[in-house]
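The structure appears below as C-alpha cells.
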Protein chains: 2
Amino acid sequence: MLGAIDIGGTKTGIGIVDAEGKILSYHQRTTDTSELSTWLRICTEQLEDCAREINCRMEDLEGVGINLPGMVDTNRGLLLACSYPGWTQKPVVRIMKELTGIEKIYVENDVNSCAIGEMYFGLQEKYKDFLWMTVSTGIGGAMVSNRQLIRGAWGCAGEIGHVKVEYNDPKLCACGGKGCLEAHASGTAITNEVLLRAKLDSEFNALFEGIHEPINAKSCAMLAREGNQTANEIYQRAAVYLGRGIGYGISLFNPQAVIIGGGVGMSLDLMTEEIEAVLANTVNKSLLPVDIVPTKMGYMGALLGAAALVLYNQK
Amino acid sequence: MLGAIDIGGTKTGIGIVDAEGKILSYHQRTTDTSELSTWLRICTEQLEDCAREINCRMEDLEGVGINLPGMVDTNRGLLLACSYPGWTQKPVVRIMKELTGIEKIYVENDVNSCAIGEMYFGLQEKYKDFLWMTVSTGIGGAMVSNRQLIRGAWGCAGEIGHVKVEYNDPKLCACGGKGCLEAHASGTAITNEVLLRAKLDSEFNALFEGIHEPINAKSCAMLAREGNQTANEIYQRAAVYLGRGIGYGISLFNPQAVIIGGGVGMSLDLMTEEIEAVLANTVNKSLLPVDIVPTKMGYMGALLGAAALVLYNQK
C-alpha cells in the first residue's frame with residue numbers, strides 16, 4: 001500500500017492507494033499555508049486516519065509520495081521556490097520521515113507526479129514517450145522519454161505553460177511575461193474571454209442565467225456542447241493556442257502522445273479537431289501523427305501521481 | 001583509435017580520431033548519392049587509406065561511427081527517410097560490418113552526433129544538460145539531459161529548426177511549412193535577406209564588391225563586424241528569431257546551456273546580446289541564466305561526433 005499526499009495551494013488530498021491504483025481511503029482539507037511543518041503534521045494525522053479507516057497501520061505503507069506546490073528539489077527533498085513565505089528550503093523529506101516513521105518519502109511537483117502517475121496507473125501500456133500537460137487554472141507540463149521523466153538542469157523541464165504562442169497581440173501572463181500559452185489557453189484565460197464576450201453580448205450573457213451557472217470556462221464548455229457558436233468560438237481560439245504550444249513540444253520531444261489533464265482537459269473533446277488541424281499545419285509530417293488524449297487517471301491524477309512516486313523512485 | 005565517417009548530402013568526411021578527440025588522419029570526398037552500398041564501399045576504402053597513413057590497421061580501430069544524411073533508426077542501423085532514392089531501409093550497419101570486418105559500427109544523424117561529440121570532445125566538463133543546435137544551411141537540434149541523448153518516440157527529438165517563430169508574417173520553409181525557425185534564421189534565410197536588401201539598396205550592394213565577396217550570410221557577417229548598420233540589422237533580426245526558438249527549447253528542456261555549431265554559429269558573437277535580450281523577455285526567470293555558447297569542437301564537430309558514437313554506445 002502507498003501513501004499519497006497532494007498539497008495544492010488551495011486543497012490538500014491525503015490518501016492510501018493500492019499497487020493497482022485503487023484509492024482505498026481519502027481525505028481532503030483546505031490547505032493552511034501559514035506554516036509548512038504544522039501543515040505536514042496535520043497531513044500525517046490525516047494519513048494515520050486514512051490508514052485506520054482501512055484497518056492498516058502506518059508501518060504497512062511501502063512509502064509516501066508528496067506533491068509540493070512549487071519548484072521542487074527532489075534530491076534534497078525540499079521546495080526551492082513557492083509563493084508561501086517560509087515554505088521554501090525546509091527539509092520536507094526529513095520532517096516527514098520523523099513524523100511518520102516511514103523511510104521511503106519522496107517529493108515532486110504535481111505535474112511531474114501526474115506524468116509519473118500515468119506511467120503506473122494510466123496509459124502506460126500504450127505510451128512510453130509522452131508529454132503530460134495540466135490545463136487548468138494555469139498550464140504545466142512534464143515530459144517522459146522512454147519511461148523516464150526528463151528533469152532538466154534544475155528540475156524545471158516541461159514548462160510548456162510559458163512558451164510564447166502569440167507575438168502580435170500577446171496577453172499578459174501571471175508569470176509577468178506576455179503571450180505565454182497559459183495566458184491564452186488556460187482555464188483562467190478562457191474564463192476571462194467568456195466574461196469579456198458576455199459583457200459585450202447580452203444575448204450570450206443571458207444564456208448563463210438560463211442554465212443557472214456562473215460565467216466561466218466550465219459553463220462555457222456546457223454551452224459549446226449545446227451548440228452555441230460564441231461558446232464554441234472561445235474554445236476553438238484556445239485550441240489554436242494549445243495547438244501552437246503542443247506543436248513546439250512535439251517538434252522538440254517527438255512524443256507518441258500528448259496526455260492532457262486538469263479542468264480544461266475535461267473539455268479536450270471540444271478542441272481536439274482544431275488542435276490536430278494546427279499540428280498538421282505547424283509540425284513536420286515525420287513527427288505525426290501524435291495522439292492527443294485525456295489522462296486515464298481522471299480527476300484524481302495528482303493523488304495517484306503522488307502514490308506512484310513510491311514505485312518510480314524504487315525502480 | 002576511433003573510425004569516423006560523416007556522410008553529408010554534399011561532402012563526406014572520413015577520418016581516424018584518438019580517444020582525446022585529435023584527428024589523426026582525414027580525407028574528404030564529394031558524396032556520390034547514386035547508390036548507397038557503392039558509397040559505403042568507397043568510404044571503407046578511404047578509411048583503410050586513413051589507417052595506412054598513420055601506420056595502423058583496420059583491426060586497431062575500436063569501432064566506427066557513421067553519420068547518415070536523414071532520419072536514422074539507430075537500433076536497426078539504417079536510414080528511415082532521406083532525400084536520395086534507394087538510400088532508405090538499407091542495412092547500413094550490417095553492410096559496414098561486412099565491408100570493414102569491424103563489429104562495433106554505429107549510425108546516427110549528424111546533429112545527434114554533434115551533441116554526442118560535445119559530451120566527449122567538447123564542453124563535457126561544463127555541461128551535462130544542454131541543447132545542441134546546428135545553425136547552417138538549415139537548422140537542426142539535439143537535446144542532452146543528464147549526459148543522455150533524448151531520442152523521442154522515433155529518434156526525431158530536438159527538431160528545433162521547424163518550431164514556429166513567426167505567425168504574423170511567416171516565411172515559407174524548405175519543409176513546406178511556414179514561419180519555421182529555419183525559414184527565418186538559418187544561413188539560407190540570412191542570405192536571402194542579404195540578397196533582398198542588396199537589391200533594394202545599391203550602396204549596401206556595392207560594399208560586397210568592395211570586399212570582393214559574394215553576397216551571402218558569411219560576407220554579411222564581415223560587414224556587420226566592420227560596423228555596417230544594414231548588415232548588423234540583418235543579424236539582429238535573425239537573432240530575435242533564434243531567441244524565440246531557443247526560448248521554447250529552454251522552457252521545455254531546462255538546459256544549462258545552448259551550444260551552437262554550423263556556419264551561422266560562427267557568427268554567434270554578433271547575435272548573443274540580442275538573443276539574451278529576447279530570452280530575458282520570453283523565458284521564465286527561474287530557468288535563466290542559460291549559457292549561449294559556440295561549440296568547442298569547431299568546424300570538425302560532425303566528424304568528432306561520428307567518432308564519439310563509438311564511445312557513447314559502449315558506455
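Ligands are numbered from 1 in the order shown, residues from 1 within each chain, and chains are lettered A, B, ... in the order they appear in the C-alpha cells.
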Just want the 6 Å neighbourhood of segment 31-37 of chain B, counted on only C-alpha atoms, with same-chain residues fewer than 5 positions away dropped. Output as an MDAnalysis selection string. chainID B and resid 10:12 87
If you superpose chain B onto chain A over the full set of Cα atoms in sequence order, what number do you get for the RMSD in Å? 0.1 Å
Mind pulling up the distance from atom CA of Arg41 of chain B to atom CA of Leu24 of chain B?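 Computing the Euclidean distance for atom CA of Leu24 of chain B and atom CA of Arg41 of chain B yields 21.4 Å.
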What are the residues of chain B that have an atom within 7 Å of an atom of chain A, counting only C-alpha atoms, as a list of chain:residue names? B:Asp129, B:Ser145, B:Gly152, B:Ala153, B:Cys156, B:Ala157, B:Gly158, B:Glu159, B:Ile160, B:His162, B:Val163, B:Lys164, B:Asn168, B:Gly177, B:Tyr248, B:Ser251, B:Leu252, B:Phe253, B:Asn254, B:Pro255, B:Gln256, B:Asn281, B:Thr282, B:Asn284
Write out as a ChimeraX atom specification all residues of segment 32-263 of chain A that backbone DSSP assigns to strand (DSSP E or B). /A:63-68,71-73,78-81,105-109,130-135,139-145,148-149,164,172,178,180,257-261
May I have the residues from that selection written out with N, CA and C atoms, as a short mmCIF file (atom, residue, chain, number, x, y, z; two decimals), in the first residue's frame?
```
data_model
loop_
_atom_site.label_atom_id
_atom_site.label_comp_id
_atom_site.auth_asym_id
_atom_site.auth_seq_id
_atom_site.Cartn_x
_atom_site.Cartn_y
_atom_site.Cartn_z
N GLY A 63 5.68 3.33 1.38
CA GLY A 63 6.34 4.63 1.33
C GLY A 63 5.27 5.70 1.16
N VAL A 64 5.68 6.96 1.16
CA VAL A 64 4.74 8.06 0.97
C VAL A 64 5.28 9.01 -0.09
N GLY A 65 4.46 9.32 -1.07
CA GLY A 65 4.81 10.31 -2.09
C GLY A 65 4.06 11.60 -1.80
N ILE A 66 4.75 12.73 -1.97
CA ILE A 66 4.15 14.02 -1.62
C ILE A 66 4.32 15.01 -2.78
N ASN A 67 3.23 15.59 -3.23
CA ASN A 67 3.30 16.68 -4.20
C ASN A 67 3.40 17.99 -3.45
N LEU A 68 4.37 18.81 -3.85
CA LEU A 68 4.53 20.12 -3.22
C LEU A 68 4.19 21.22 -4.21
N MET A 71 8.45 24.85 -6.98
CA MET A 71 9.62 24.28 -7.66
C MET A 71 10.33 23.37 -6.66
N VAL A 72 10.43 22.10 -6.99
CA VAL A 72 10.88 21.10 -6.03
C VAL A 72 12.30 20.61 -6.33
N ASP A 73 13.12 20.53 -5.32
CA ASP A 73 14.42 19.87 -5.43
C ASP A 73 14.23 18.45 -4.92
N LEU A 78 13.12 19.13 -0.88
CA LEU A 78 12.55 20.39 -0.38
C LEU A 78 12.01 21.26 -1.51
N LEU A 79 11.31 22.31 -1.11
CA LEU A 79 10.81 23.31 -2.05
C LEU A 79 11.89 24.37 -2.29
N LEU A 80 12.17 24.63 -3.58
CA LEU A 80 13.15 25.67 -3.91
C LEU A 80 12.47 27.03 -4.01
N ALA A 81 11.26 27.01 -4.58
CA ALA A 81 10.53 28.26 -4.77
C ALA A 81 9.05 27.97 -4.60
N ILE A 105 10.22 8.35 1.67
CA ILE A 105 9.41 9.54 1.45
C ILE A 105 9.97 10.24 0.20
N TYR A 106 9.09 10.58 -0.73
CA TYR A 106 9.54 11.21 -1.97
C TYR A 106 8.71 12.45 -2.26
N VAL A 107 9.35 13.50 -2.76
CA VAL A 107 8.61 14.72 -3.11
C VAL A 107 8.78 15.04 -4.59
N GLU A 108 7.82 15.77 -5.11
CA GLU A 108 7.81 16.09 -6.53
C GLU A 108 6.83 17.23 -6.73
N ASN A 109 6.93 17.97 -7.86
CA ASN A 109 5.85 18.92 -8.13
C ASN A 109 4.67 18.17 -8.75
N PHE A 130 5.86 10.42 -23.84
CA PHE A 130 4.71 11.32 -23.92
C PHE A 130 4.97 12.65 -23.20
N LEU A 131 4.21 13.63 -23.63
CA LEU A 131 4.20 14.94 -22.98
C LEU A 131 2.93 14.99 -22.15
N TRP A 132 3.06 15.24 -20.86
CA TRP A 132 1.89 15.35 -19.99
C TRP A 132 1.61 16.83 -19.78
N MET A 133 0.36 17.24 -19.91
CA MET A 133 0.01 18.65 -19.70
C MET A 133 -1.17 18.77 -18.75
N THR A 134 -1.05 19.65 -17.78
CA THR A 134 -2.20 20.04 -16.97
C THR A 134 -2.71 21.34 -17.55
N VAL A 135 -3.95 21.35 -18.01
CA VAL A 135 -4.55 22.59 -18.48
C VAL A 135 -5.69 22.89 -17.52
N ILE A 139 -1.17 26.40 -16.72
CA ILE A 139 -0.79 25.27 -17.60
C ILE A 139 0.61 24.81 -17.21
N GLY A 140 0.73 23.52 -16.94
CA GLY A 140 2.04 22.94 -16.62
C GLY A 140 2.30 21.76 -17.50
N GLY A 141 3.56 21.33 -17.55
CA GLY A 141 3.89 20.18 -18.40
C GLY A 141 5.02 19.36 -17.84
N ALA A 142 5.11 18.13 -18.29
CA ALA A 142 6.21 17.25 -17.92
C ALA A 142 6.42 16.27 -19.05
N MET A 143 7.67 15.88 -19.25
CA MET A 143 8.00 15.04 -20.40
C MET A 143 8.55 13.71 -19.95
N VAL A 144 8.01 12.64 -20.51
CA VAL A 144 8.51 11.30 -20.23
C VAL A 144 9.11 10.74 -21.52
N SER A 145 10.37 10.38 -21.45
CA SER A 145 11.06 9.86 -22.61
C SER A 145 11.56 8.46 -22.27
N GLN A 148 11.23 7.51 -18.71
CA GLN A 148 11.99 8.30 -17.74
C GLN A 148 11.49 9.73 -17.76
N LEU A 149 11.26 10.29 -16.59
CA LEU A 149 10.92 11.71 -16.51
C LEU A 149 12.17 12.53 -16.83
N LYS A 164 5.94 30.97 -25.72
CA LYS A 164 5.18 32.06 -26.35
C LYS A 164 4.39 31.55 -27.54
N LEU A 172 -1.01 39.49 -21.21
CA LEU A 172 -0.14 39.45 -20.05
C LEU A 172 -0.40 38.15 -19.26
N LYS A 178 4.57 37.89 -21.45
CA LYS A 178 3.49 38.20 -22.37
C LYS A 178 3.39 37.14 -23.45
N CYS A 180 2.31 34.10 -23.30
CA CYS A 180 2.50 32.71 -22.86
C CYS A 180 1.27 31.87 -23.20
N ALA A 257 2.49 10.63 -27.75
CA ALA A 257 1.19 11.16 -27.34
C ALA A 257 1.37 12.41 -26.50
N VAL A 258 0.33 13.24 -26.50
CA VAL A 258 0.22 14.33 -25.54
C VAL A 258 -0.98 13.99 -24.67
N ILE A 259 -0.73 13.83 -23.38
CA ILE A 259 -1.78 13.40 -22.46
C ILE A 259 -2.19 14.60 -21.62
N ILE A 260 -3.48 14.92 -21.63
CA ILE A 260 -3.93 16.17 -21.03
C ILE A 260 -4.85 15.93 -19.84
N GLY A 261 -4.53 16.59 -18.74
CA GLY A 261 -5.37 16.54 -17.55
C GLY A 261 -5.74 17.95 -17.11
#
```
Quick one: residues within 8 Å of segment 219-234 of chain B, only C-alpha atoms counted, chain neighbours fewer than 2 positions away excluded, as a PyMOL selection string? chain B and resi 190+193-194+204+207-208+213-217+236-238+267+270
Take the residues from that selection and write them out as a CSV table (one decimal), in the first residue's frame, keeping N, CA and C atoms.
```csv
chain,number,residue,atom,x,y,z
B,190,ILE,N,19.3,34.0,-43.9
B,190,ILE,CA,20.1,35.2,-43.8
B,190,ILE,C,20.5,35.7,-45.2
B,193,GLU,N,17.8,37.3,-47.1
B,193,GLU,CA,17.6,38.6,-46.6
B,193,GLU,C,18.7,39.6,-47.1
B,194,VAL,N,19.9,39.1,-47.1
B,194,VAL,CA,21.0,40.0,-47.6
B,194,VAL,C,20.8,40.3,-49.1
B,204,PHE,N,24.5,49.5,-50.2
B,204,PHE,CA,24.8,48.3,-49.5
B,204,PHE,C,25.4,47.2,-50.4
B,207,LEU,N,29.1,47.5,-51.3
B,207,LEU,CA,30.0,47.1,-50.2
B,207,LEU,C,30.6,45.7,-50.4
B,208,PHE,N,29.7,44.8,-51.0
B,208,PHE,CA,30.2,43.4,-51.2
B,208,PHE,C,31.3,43.4,-52.3
B,213,GLU,N,33.6,39.9,-52.2
B,213,GLU,CA,32.9,38.7,-51.6
B,213,GLU,C,31.6,38.5,-52.3
B,214,PRO,N,31.1,37.3,-52.5
B,214,PRO,CA,29.7,37.1,-52.9
B,214,PRO,C,28.8,37.6,-51.9
B,215,ILE,N,27.5,37.9,-52.3
B,215,ILE,CA,26.6,38.4,-51.3
B,215,ILE,C,25.9,37.3,-50.6
B,216,ASN,N,26.3,37.0,-49.3
B,216,ASN,CA,25.7,35.9,-48.6
B,216,ASN,C,25.8,36.2,-47.1
B,217,ALA,N,25.4,35.2,-46.3
B,217,ALA,CA,25.4,35.4,-44.8
B,217,ALA,C,26.8,35.6,-44.3
B,236,GLN,N,20.7,41.0,-36.3
B,236,GLN,CA,19.8,41.2,-35.1
B,236,GLN,C,18.4,40.6,-35.3
B,237,ARG,N,17.9,40.7,-36.6
B,237,ARG,CA,16.6,40.2,-36.9
B,237,ARG,C,16.7,38.7,-36.8
B,238,ALA,N,17.7,38.0,-37.3
B,238,ALA,CA,17.9,36.6,-37.2
B,238,ALA,C,18.0,36.2,-35.7
B,267,SER,N,29.1,33.0,-36.3
B,267,SER,CA,28.8,34.5,-36.2
B,267,SER,C,27.9,34.7,-34.9
B,270,LEU,N,27.9,38.0,-32.9
B,270,LEU,CA,27.2,39.2,-33.4
B,270,LEU,C,25.8,39.2,-32.8
```
Which of segment 26-142 of chain A end up as alpha helix (DSSP H) when DSSP is run on this backbone - answer as a PyMOL selection string? chain A and resi 36-53+92-100+110-121
